[in-house]
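> File follows, upload17.cif with mmCIF, C-alpha atoms and all ligand atoms:
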```
data_upload
#
loop_
_atom_site.label_atom_id
_atom_site.label_comp_id
_atom_site.auth_asym_id
_atom_site.auth_seq_id
_atom_site.Cartn_x
_atom_site.Cartn_y
_atom_site.Cartn_z
CA MET A 1 14.40 35.15 -11.79
CA ASP A 2 14.29 36.51 -8.23
CA LYS A 3 16.05 34.15 -5.85
CA MET A 4 13.02 34.39 -3.53
CA ASP A 5 10.99 32.65 -6.19
CA SER A 6 13.24 29.68 -6.75
CA ILE A 7 12.04 26.26 -5.62
CA PRO A 8 14.74 23.96 -4.26
CA LEU A 9 14.71 20.16 -4.43
CA VAL A 10 14.84 20.04 -0.62
CA ASP A 11 14.70 22.93 1.89
CA LEU A 12 16.33 22.06 5.20
CA ASN A 13 16.25 25.60 6.52
CA VAL A 14 12.49 26.01 6.29
CA GLN A 15 12.11 22.81 8.32
CA TYR A 16 14.63 23.94 10.94
CA LYS A 17 12.59 27.10 11.51
CA THR A 18 9.55 25.01 12.49
CA ILE A 19 11.49 23.17 15.24
CA LYS A 20 14.18 25.71 16.12
CA GLY A 21 13.33 25.91 19.83
CA GLU A 22 13.42 22.13 20.36
CA ILE A 23 16.61 21.66 18.33
CA ASP A 24 18.47 24.53 19.97
CA ASP A 25 17.53 23.17 23.43
CA ALA A 26 18.76 19.68 22.50
CA ILE A 27 22.09 21.00 21.21
CA GLN A 28 22.53 23.16 24.31
CA ARG A 29 21.76 20.17 26.57
CA VAL A 30 24.63 18.16 25.01
CA ILE A 31 27.06 21.07 25.18
CA ASP A 32 26.15 21.75 28.82
CA SER A 33 26.72 18.09 29.70
CA SER A 34 30.08 17.91 27.85
CA ALA A 35 29.12 14.30 26.98
CA PHE A 36 30.09 14.58 23.32
CA ILE A 37 31.04 10.94 22.69
CA MET A 38 28.47 8.16 23.37
CA GLY A 39 26.44 8.67 26.57
CA PRO A 40 22.74 8.81 27.44
CA GLU A 41 21.54 10.68 24.33
CA ILE A 42 22.88 7.88 22.12
CA GLU A 43 21.29 5.18 24.27
CA ALA A 44 17.96 6.99 24.33
CA PHE A 45 17.96 7.49 20.55
CA GLU A 46 18.79 3.82 20.00
CA ILE A 47 15.89 2.67 22.15
CA GLU A 48 13.48 5.11 20.51
CA PHE A 49 14.51 4.32 16.92
CA ALA A 50 14.52 0.52 17.40
CA ALA A 51 10.98 0.80 18.81
CA TYR A 52 9.95 3.00 15.89
CA CYS A 53 11.15 0.37 13.41
CA GLY A 54 9.53 -2.49 15.30
CA ALA A 55 12.94 -4.09 15.93
CA GLN A 56 14.81 -5.09 19.09
CA TYR A 57 18.08 -3.18 18.72
CA CYS A 58 19.52 -0.08 17.15
CA VAL A 59 23.24 0.70 17.06
CA GLY A 60 24.04 4.38 16.41
CA LEU A 61 26.79 4.87 13.85
CA ASN A 62 28.60 7.58 11.96
CA SER A 63 26.87 6.97 8.61
CA GLY A 64 24.61 4.74 6.58
CA THR A 65 27.68 3.44 4.77
CA ASP A 66 29.09 2.32 8.13
CA ALA A 67 25.80 0.61 8.92
CA LEU A 68 25.93 -1.38 5.68
CA HIS A 69 29.59 -2.24 6.28
CA LEU A 70 29.05 -3.47 9.85
CA ALA A 71 25.90 -5.39 8.86
CA LEU A 72 27.90 -7.24 6.18
CA ILE A 73 30.72 -8.02 8.65
CA ALA A 74 28.17 -9.26 11.18
CA CYS A 75 26.77 -11.58 8.50
CA GLY A 76 30.26 -13.01 8.04
CA VAL A 77 30.78 -11.58 4.55
CA SER A 78 34.49 -12.00 3.82
CA PRO A 79 36.99 -11.74 0.94
CA GLY A 80 35.88 -13.66 -2.15
CA ASP A 81 32.19 -13.75 -1.21
CA GLU A 82 29.47 -12.37 -3.45
CA VAL A 83 26.64 -10.08 -2.40
CA ILE A 84 23.65 -9.46 -4.64
CA THR A 85 22.29 -5.93 -4.99
CA THR A 86 20.90 -3.43 -7.49
CA PRO A 87 22.96 -1.23 -9.82
CA HIS A 88 20.33 1.52 -9.55
CA THR A 89 21.26 2.99 -6.16
CA PHE A 90 23.71 5.33 -4.46
CA ILE A 91 27.24 3.94 -4.66
CA ALA A 92 27.47 3.35 -0.88
CA THR A 93 25.36 0.19 -1.22
CA ALA A 94 28.05 -1.46 -3.36
CA GLU A 95 30.99 0.26 -1.66
CA ALA A 96 30.18 -1.44 1.62
CA ILE A 97 30.39 -4.81 -0.15
CA THR A 98 33.75 -3.85 -1.67
CA MET A 99 34.99 -2.72 1.78
CA CYS A 100 34.58 -6.36 2.88
CA GLU A 101 36.67 -7.40 -0.16
CA ALA A 102 33.58 -9.15 -1.44
CA THR A 103 32.13 -8.68 -4.94
CA PRO A 104 28.88 -6.86 -5.67
CA VAL A 105 26.75 -8.94 -8.06
CA PHE A 106 24.17 -6.73 -9.72
CA VAL A 107 20.62 -7.72 -10.56
CA ASP A 108 18.45 -5.46 -12.71
CA ILE A 109 15.48 -3.49 -11.42
CA ASP A 110 11.75 -3.74 -11.92
CA PRO A 111 11.08 -0.66 -14.11
CA GLU A 112 7.78 0.00 -12.33
CA THR A 113 9.24 0.39 -8.83
CA TYR A 114 12.96 0.99 -9.56
CA ASN A 115 13.73 -1.64 -6.90
CA ILE A 116 15.61 -4.92 -7.42
CA ASP A 117 13.53 -7.36 -9.49
CA PRO A 118 12.98 -10.38 -7.21
CA GLY A 119 12.31 -12.58 -10.25
CA LEU A 120 15.90 -12.11 -11.46
CA ILE A 121 17.71 -12.81 -8.19
CA GLU A 122 17.75 -16.62 -8.31
CA GLY A 123 19.70 -16.59 -11.60
CA ALA A 124 22.48 -14.57 -9.93
CA ILE A 125 23.00 -16.88 -6.94
CA THR A 126 26.22 -18.91 -6.94
CA SER A 127 28.04 -21.06 -4.36
CA ARG A 128 29.84 -17.87 -3.25
CA THR A 129 26.71 -15.80 -2.61
CA LYS A 130 26.50 -14.79 1.04
CA ALA A 131 23.88 -12.05 1.19
CA ILE A 132 21.33 -9.92 -0.66
CA ILE A 133 20.98 -6.16 -0.16
CA PRO A 134 17.63 -4.89 -1.44
CA VAL A 135 17.40 -1.09 -1.41
CA HIS A 136 14.10 0.60 -0.53
CA LEU A 137 14.80 3.21 -3.20
CA TYR A 138 13.13 6.64 -3.14
CA GLY A 139 11.30 5.57 0.06
CA GLN A 140 9.42 2.68 -1.57
CA PRO A 141 9.87 -0.73 0.10
CA ALA A 142 11.48 -3.44 -2.02
CA ASP A 143 9.29 -6.54 -2.45
CA MET A 144 10.67 -8.32 0.63
CA ASP A 145 8.56 -11.51 0.75
CA PRO A 146 9.99 -13.21 -2.36
CA ILE A 147 13.49 -11.97 -1.43
CA ASN A 148 13.26 -13.43 2.07
CA GLU A 149 11.92 -16.71 0.63
CA LEU A 150 14.89 -17.04 -1.72
CA ALA A 151 17.27 -16.20 1.10
CA LYS A 152 15.75 -18.95 3.21
CA LYS A 153 15.95 -21.47 0.36
CA TYR A 154 19.64 -20.73 -0.33
CA LYS A 155 20.64 -19.88 3.29
CA LEU A 156 21.57 -16.28 2.52
CA HIS A 157 21.41 -13.18 4.70
CA VAL A 158 19.22 -10.23 3.78
CA ILE A 159 20.31 -6.71 4.71
CA GLU A 160 17.83 -3.93 4.01
CA ASP A 161 19.34 -0.71 2.69
CA ALA A 162 16.74 1.52 4.32
CA ALA A 163 18.75 4.74 3.90
CA GLN A 164 15.88 6.37 1.98
CA ALA A 165 12.89 4.81 3.69
CA HIS A 166 12.54 5.70 7.40
CA GLY A 167 8.96 4.86 8.33
CA ALA A 168 7.90 3.20 5.05
CA MET A 169 5.44 0.31 5.45
CA TYR A 170 5.44 -3.10 3.75
CA LYS A 171 2.39 -5.29 4.42
CA GLY A 172 1.67 -3.55 7.70
CA ARG A 173 5.26 -3.58 8.97
CA ARG A 174 7.89 -0.86 9.01
CA VAL A 175 11.08 -1.19 7.02
CA GLY A 176 14.02 -1.88 9.29
CA GLY A 177 12.31 -4.94 10.72
CA LEU A 178 11.71 -6.86 7.49
CA SER A 179 14.74 -9.16 7.35
CA GLU A 180 16.38 -11.69 9.65
CA ALA A 181 19.82 -10.03 9.55
CA ALA A 182 19.79 -6.26 9.75
CA ALA A 183 18.80 -2.96 8.19
CA ALA A 184 21.03 0.04 7.49
CA PHE A 185 19.72 3.59 7.89
CA SER A 186 21.39 6.84 6.89
CA PHE A 187 20.62 10.13 8.63
CA TYR A 188 22.43 12.22 6.02
CA PRO A 189 20.81 15.69 6.26
CA GLY A 190 18.56 15.35 3.20
CA LYS A 191 17.11 11.94 4.15
CA ASN A 192 13.56 11.65 5.54
CA LEU A 193 15.06 11.55 9.03
CA GLY A 194 18.15 13.70 8.66
CA ALA A 195 20.79 14.82 11.15
CA TYR A 196 22.76 18.08 10.98
CA GLY A 197 25.84 16.26 9.78
CA ASP A 198 26.71 12.62 9.10
CA ALA A 199 24.96 9.85 11.06
CA GLY A 200 23.55 6.38 10.52
CA ALA A 201 22.29 3.31 12.35
CA LEU A 202 22.14 -0.45 12.14
CA VAL A 203 18.79 -1.89 13.21
CA THR A 204 18.34 -5.58 14.01
CA SER A 205 16.43 -8.02 16.15
CA ASP A 206 19.41 -10.36 16.39
CA SER A 207 21.31 -9.84 19.66
CA GLU A 208 24.61 -11.18 18.31
CA THR A 209 24.53 -8.82 15.34
CA ALA A 210 23.81 -5.88 17.64
CA GLU A 211 26.62 -6.88 19.98
CA LYS A 212 29.13 -7.26 17.13
CA ALA A 213 28.20 -3.86 15.72
CA ARG A 214 28.53 -2.21 19.15
CA LEU A 215 31.97 -3.72 19.62
CA LEU A 216 33.22 -2.86 16.12
CA ARG A 217 31.97 0.74 16.10
CA ASN A 218 34.05 1.58 19.15
CA HIS A 219 37.57 0.17 18.63
CA GLY A 220 36.58 -3.36 19.63
CA ARG A 221 36.32 -2.06 23.17
CA GLU A 222 34.97 -4.09 26.08
CA GLU A 223 36.17 -1.64 28.68
CA LYS A 224 37.94 1.69 28.29
CA TYR A 225 41.35 0.19 27.44
CA THR A 226 40.50 -3.47 26.86
CA HIS A 227 40.03 -4.23 23.17
CA ARG A 228 38.63 -7.66 22.33
CA VAL A 229 38.93 -7.29 18.57
CA ILE A 230 40.37 -4.80 16.08
CA GLY A 231 37.51 -2.45 15.37
CA TYR A 232 36.82 0.98 13.94
CA ASN A 233 35.72 4.41 15.00
CA LYS A 234 32.20 4.43 13.59
CA ARG A 235 30.35 5.94 16.57
CA MET A 236 27.35 8.21 16.11
CA ASP A 237 28.12 11.79 17.15
CA THR A 238 26.19 12.57 20.35
CA LEU A 239 25.04 16.00 19.13
CA GLN A 240 23.46 14.23 16.16
CA ALA A 241 21.68 11.76 18.46
CA ALA A 242 20.13 14.64 20.41
CA ILE A 243 19.01 16.30 17.16
CA LEU A 244 17.63 13.04 15.78
CA ARG A 245 15.61 12.43 18.97
CA VAL A 246 13.81 15.72 18.36
CA LYS A 247 13.28 15.04 14.67
CA LEU A 248 12.07 11.45 15.19
CA GLN A 249 9.04 12.84 17.01
CA HIS A 250 8.08 14.71 13.82
CA LEU A 251 8.90 11.97 11.32
CA ASP A 252 5.39 10.54 10.90
CA GLU A 253 3.90 13.99 10.39
CA TRP A 254 6.59 14.84 7.80
CA ASN A 255 6.15 11.52 5.99
CA GLU A 256 2.41 12.12 5.88
CA ALA A 257 2.96 15.57 4.38
CA LYS A 258 5.18 13.98 1.71
CA ARG A 259 2.48 11.41 0.94
CA GLU A 260 0.02 14.24 0.32
CA ILE A 261 2.49 16.04 -1.94
CA ALA A 262 3.11 12.84 -3.91
CA ALA A 263 -0.64 12.29 -4.31
CA TYR A 264 -1.07 15.88 -5.51
CA TYR A 265 1.73 15.57 -8.08
CA THR A 266 0.47 12.18 -9.32
CA ASP A 267 -3.10 13.39 -9.61
CA ARG A 268 -2.10 16.30 -11.83
CA LEU A 269 0.74 14.73 -13.78
CA SER A 270 -0.66 11.30 -14.62
CA SER A 271 -2.59 12.66 -17.62
CA THR A 272 0.59 14.11 -19.15
CA ALA A 273 3.27 12.36 -21.19
CA LEU A 274 5.28 11.80 -18.00
CA ILE A 275 5.34 8.44 -16.27
CA THR A 276 4.43 9.02 -12.62
CA PRO A 277 5.64 6.66 -9.85
CA SER A 278 3.78 3.40 -9.29
CA VAL A 279 3.30 2.01 -5.80
CA LEU A 280 3.55 -1.71 -4.98
CA PRO A 281 0.24 -3.01 -3.54
CA ASP A 282 0.06 -3.18 0.27
CA THR A 283 2.96 -0.78 0.77
CA SER A 284 3.12 2.79 1.96
CA PRO A 285 6.21 4.61 0.66
CA VAL A 286 7.64 7.70 2.36
CA TRP A 287 8.71 9.57 -0.79
CA HIS A 288 12.32 10.39 -0.06
CA LEU A 289 12.20 11.39 -3.72
CA TYR A 290 9.37 11.91 -6.19
CA VAL A 291 10.71 10.56 -9.48
CA VAL A 292 9.02 10.86 -12.86
CA ARG A 293 10.15 9.47 -16.20
CA CYS A 294 10.15 11.22 -19.50
CA ASN A 295 11.67 10.66 -22.94
CA ASP A 296 13.16 14.10 -23.23
CA ARG A 297 14.35 14.40 -19.66
CA ASP A 298 17.17 16.88 -20.26
CA THR A 299 14.86 19.34 -22.04
CA LEU A 300 12.34 19.14 -19.22
CA ARG A 301 15.09 19.67 -16.68
CA LYS A 302 16.25 22.78 -18.51
CA GLN A 303 12.70 24.09 -18.73
CA LEU A 304 12.32 23.72 -14.95
CA GLN A 305 15.69 25.30 -14.31
CA GLU A 306 14.74 28.34 -16.40
CA ALA A 307 11.63 28.72 -14.23
CA GLY A 308 13.81 28.65 -11.09
CA ILE A 309 12.83 25.09 -10.15
CA SER A 310 15.51 22.63 -9.05
CA SER A 311 15.34 18.99 -10.03
CA GLY A 312 17.69 16.03 -9.62
CA ILE A 313 18.75 12.77 -11.25
CA HIS A 314 18.99 9.85 -8.84
CA TYR A 315 21.13 8.41 -10.27
CA PRO A 316 22.61 9.32 -13.67
CA ILE A 317 25.13 6.43 -13.94
CA PRO A 318 24.25 2.86 -12.89
CA LEU A 319 26.90 1.38 -10.62
CA HIS A 320 28.15 -1.21 -13.12
CA LEU A 321 29.10 1.65 -15.48
CA GLN A 322 30.87 3.73 -12.83
CA PRO A 323 34.61 4.17 -13.35
CA ALA A 324 35.14 2.80 -9.83
CA TYR A 325 33.59 -0.52 -10.90
CA ALA A 326 35.31 -0.78 -14.30
CA HIS A 327 37.24 -3.79 -12.95
CA LEU A 328 33.99 -5.79 -12.90
CA GLU A 329 34.04 -5.54 -16.71
CA LEU A 330 30.29 -5.19 -17.07
CA GLU A 331 29.39 -3.80 -20.48
CA PRO A 332 26.68 -1.24 -21.29
CA GLY A 333 23.56 -3.29 -21.93
CA SER A 334 24.18 -5.64 -19.00
CA PHE A 335 21.26 -4.20 -17.00
CA PRO A 336 18.91 -2.61 -19.54
CA GLN A 337 16.17 -1.52 -17.12
CA SER A 338 18.64 0.31 -14.88
CA GLU A 339 20.35 1.90 -17.85
CA SER A 340 17.10 3.04 -19.40
CA ALA A 341 15.90 4.47 -16.06
CA ALA A 342 19.13 6.45 -15.66
CA GLN A 343 18.46 8.10 -19.05
CA SER A 344 14.88 9.16 -18.34
CA ILE A 345 14.33 9.75 -14.59
CA LEU A 346 13.87 13.16 -12.99
CA SER A 347 13.36 13.96 -9.28
CA LEU A 348 10.97 16.87 -8.61
CA PRO A 349 11.07 19.16 -5.55
CA MET A 350 9.88 17.14 -2.54
CA TYR A 351 9.99 18.14 1.11
CA PRO A 352 7.28 18.24 3.81
CA GLU A 353 6.99 22.04 3.84
CA LEU A 354 6.57 22.37 0.06
CA LYS A 355 3.55 24.62 -0.47
CA LYS A 356 0.64 24.12 -2.83
CA VAL A 357 1.52 27.27 -4.82
CA GLN A 358 5.01 25.86 -5.31
CA MET A 359 3.67 22.48 -6.46
CA ASP A 360 1.31 24.28 -8.82
CA ARG A 361 4.26 26.15 -10.30
CA VAL A 362 6.18 22.89 -10.81
CA ILE A 363 3.13 21.29 -12.43
CA GLY A 364 2.38 24.39 -14.50
CA THR A 365 5.95 24.52 -15.80
CA ILE A 366 5.81 20.86 -16.81
CA THR A 367 2.42 21.07 -18.50
CA THR A 368 3.09 24.22 -20.55
C1 LIG A 401 22.41 7.89 1.58
C2 LIG A 401 22.49 6.49 1.18
C3 LIG A 401 23.47 5.62 1.68
C4 LIG A 401 24.66 6.07 2.48
O1 LIG A 401 24.40 6.79 3.61
P1 LIG A 401 25.51 7.78 4.23
O2 LIG A 401 24.92 8.12 5.56
O3 LIG A 401 25.62 8.95 3.32
O4 LIG A 401 26.77 7.02 4.36
C5 LIG A 401 23.39 4.27 1.35
N1 LIG A 401 22.44 3.81 0.54
C6 LIG A 401 21.50 4.62 -0.01
C7 LIG A 401 20.46 4.03 -0.89
C8 LIG A 401 21.52 5.99 0.28
O5 LIG A 401 20.59 6.78 -0.27
#
```
What does this structure look like when you write it as structure tokens?

Amino acid sequence: MDKMDSIPLVDLNVQYKTIKGEIDDAIQRVIDSSAFIMGPEIEAFEIEFAAYCGAQYCVGLNSGTDALHLALIACGVSPGDEVITTPHTFIATAEAITMCEATPVFVDIDPETYNIDPGLIEGAITSRTKAIIPVHLYGQPADMDPINELAKKYKLHVIEDAAQAHGAMYKGRRVGGLSEAAAAFSFYPGKNLGAYGDAGALVTSDSETAEKARLLRNHGREEKYTHRVIGYNKRMDTLQAAILRVKLQHLDEWNEAKREIAAYYTDRLSSTALITPSVLPDTSPVWHLYVVRCNDRDTLRKQLQEAGISSGIHYPIPLHLQPAYAHLELEPGSFPQSESAAQSILSLPMYPELKKVQMDRVIGTITT
């Protein structure tokens, strides 16, 4: 197979070529200014991204993991507390809970949407529960209304893990503004809004949460050498802010392109033995990943690979079965929907610049 003919899962270089002039100018502007740490690019990005999410504040950080961590601290999550989340996610969601010396309490997913099943949350709430972290997995919003209702009833905080869902809509509102506490975004390069390195942000409409996150990301600093609290270095890199400002202007157009690709795949694959993604009513996902299910996943994956087509598994091991969480002593079978998904899911190539001929080759390879 000629390398020219291979189809990657994501192609960051083809996207860069479409915006090279704007990106190169933005990078040059930061280098010329020598303002590499904090500064006006960060402030401008924060204002622009908060407005995009329909929230009051954005705090630029070094990663999505940092955003989850600071959101949990701002909610007062402390050692011995419990935080409810899904086992079918990237490990950072649970890691941030563990960083606070709190315990992740897993709740199984709805097999239709792969997001936390709101109907199972109440049974997991105890007197130690402090917060719930729903993940908008693959770019599809979690069902926030019942989650927010439960949180209100039991006085819990809700933190959206929006790392995969920049721009996704839930009942007419953008993710990032759907909970009272905060949302965490990642700008890891492959995300829908991706930097050229690590970056993340906490988005909130609560001024105290924003202020706490600002203080903690920068050594607890009030002034240059006055430190009110012990903090961290979790600042967003200024070069990344300048890059993200350029890319934010293209986000809606890229998300729209992904919606069209998803519709094309679904239209042609729904008559096959594969299970295509289902979309919650009154939501508009942004397709960070296009994930199908199939009984003989590993054979299909091999078939694609032989045709030069990359695919992925997001994620192959549910968090409760990860070696890192062995101490929770959760047996196989604890979360059957998550475990069954991990065995049968496959992510197909998905990026805004994916061409029709490439999609046709993916579809053709699957259907032969
Ligand atoms: C990417 C991701 C994170 C972590 O983001 P980083 O910027 O890599 O730290 C957290 N949660 C989910 C669901 C993610 O996909």
> Within 7 Å of ligand LIG 401 (chain A), counting all atoms listed in the file, which protein or nucleic acid residues do you find, written as number ranges by chain?
A: 63-66, 89-90, 92-93, 135, 137, 161-164, 186-188, 198-200
> Find the residues with any atom within 12 Å of (23.1, 3.3, 11.3); use all atoms listed in the file and the coordinates as given in the file, and write the answer as a ChimeraX atom specification.
/A:42,45-46,49-50,57-71,160-163,166,176,182-188,193-195,198-204,210,213-214,217,234-237,240-241
> Is it possible to get the residues within 9 Å of (6.5, 11.2, -12.7) (coordinates as in the file, counting all atoms listed in the file) written as a PyMOL selection string?
chain A and resi 265-266+269-270+274-278+290-294+345-348
> Excluding A:Pro318 and any residue of its chain fewer than 3 positions from it, enumerate the residues within 10 Å of it, using only C-alpha atoms, and give them as a list in words.
Thr86, Pro87, His88, Thr89, Phe90, Ile91, His314, Tyr315, Leu321, Gln322, Pro332, Phe335, Ser338, Glu339, Ser340, Ala341, Ala342 and Gln343 of chain A
> Can you measure atom CA of A:Glu253 to atom CA of A:Pro352 for me? One decimal in Å is fine.
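These two atoms are separated by 8.5 Å.
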> Between A:Ile19, A:Ala257, A:Val77, A:Ala326, which is the closest to A:Lys355 once you count all atoms listed in the file?
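Once distances to A:Lys355 are computed over all atoms listed in the file, the minimum belongs to A:Ala257.
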> Would you compute the distance between atom CA of A:Asp11 and atom CA of A:Arg301? Give it in Å to one decimal.
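Value for the atom CA of A:Asp11-atom CA of A:Arg301 distance: 18.9 Å.
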> Ranking A:Asp5, A:Ser179, A:Gln305, A:Glu112 by minimum distance to A:Val357 and counting only C-alpha atoms, which one comes first?
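When distances to A:Val357 are compared using only C-alpha atoms, the smallest one comes from A:Asp5.
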> Which is closer to A:Arg361 than all the others in A:Gly308, A:Pro323, A:Pro316, A:Pro118, using all atoms listed in the file?
A:Gly308
> To one decimal in Å, tell me the separation between atom CA of A:Glu223 and atom CA of A:Asp32.
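For atom CA of A:Glu223 relative to atom CA of A:Asp32, the distance reads 25.4 Å.
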> Show which residues sit within 8 Å of A:Ala168, as a list in words. Count only C-alpha atoms, and ignore same-chain residues fewer than 4 positions away.
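These residues fall inside the cut-off: Gly139, Gln140, Pro141, Arg174, Val175, Thr283, Ser284, Pro285 and Val286 of chain A.
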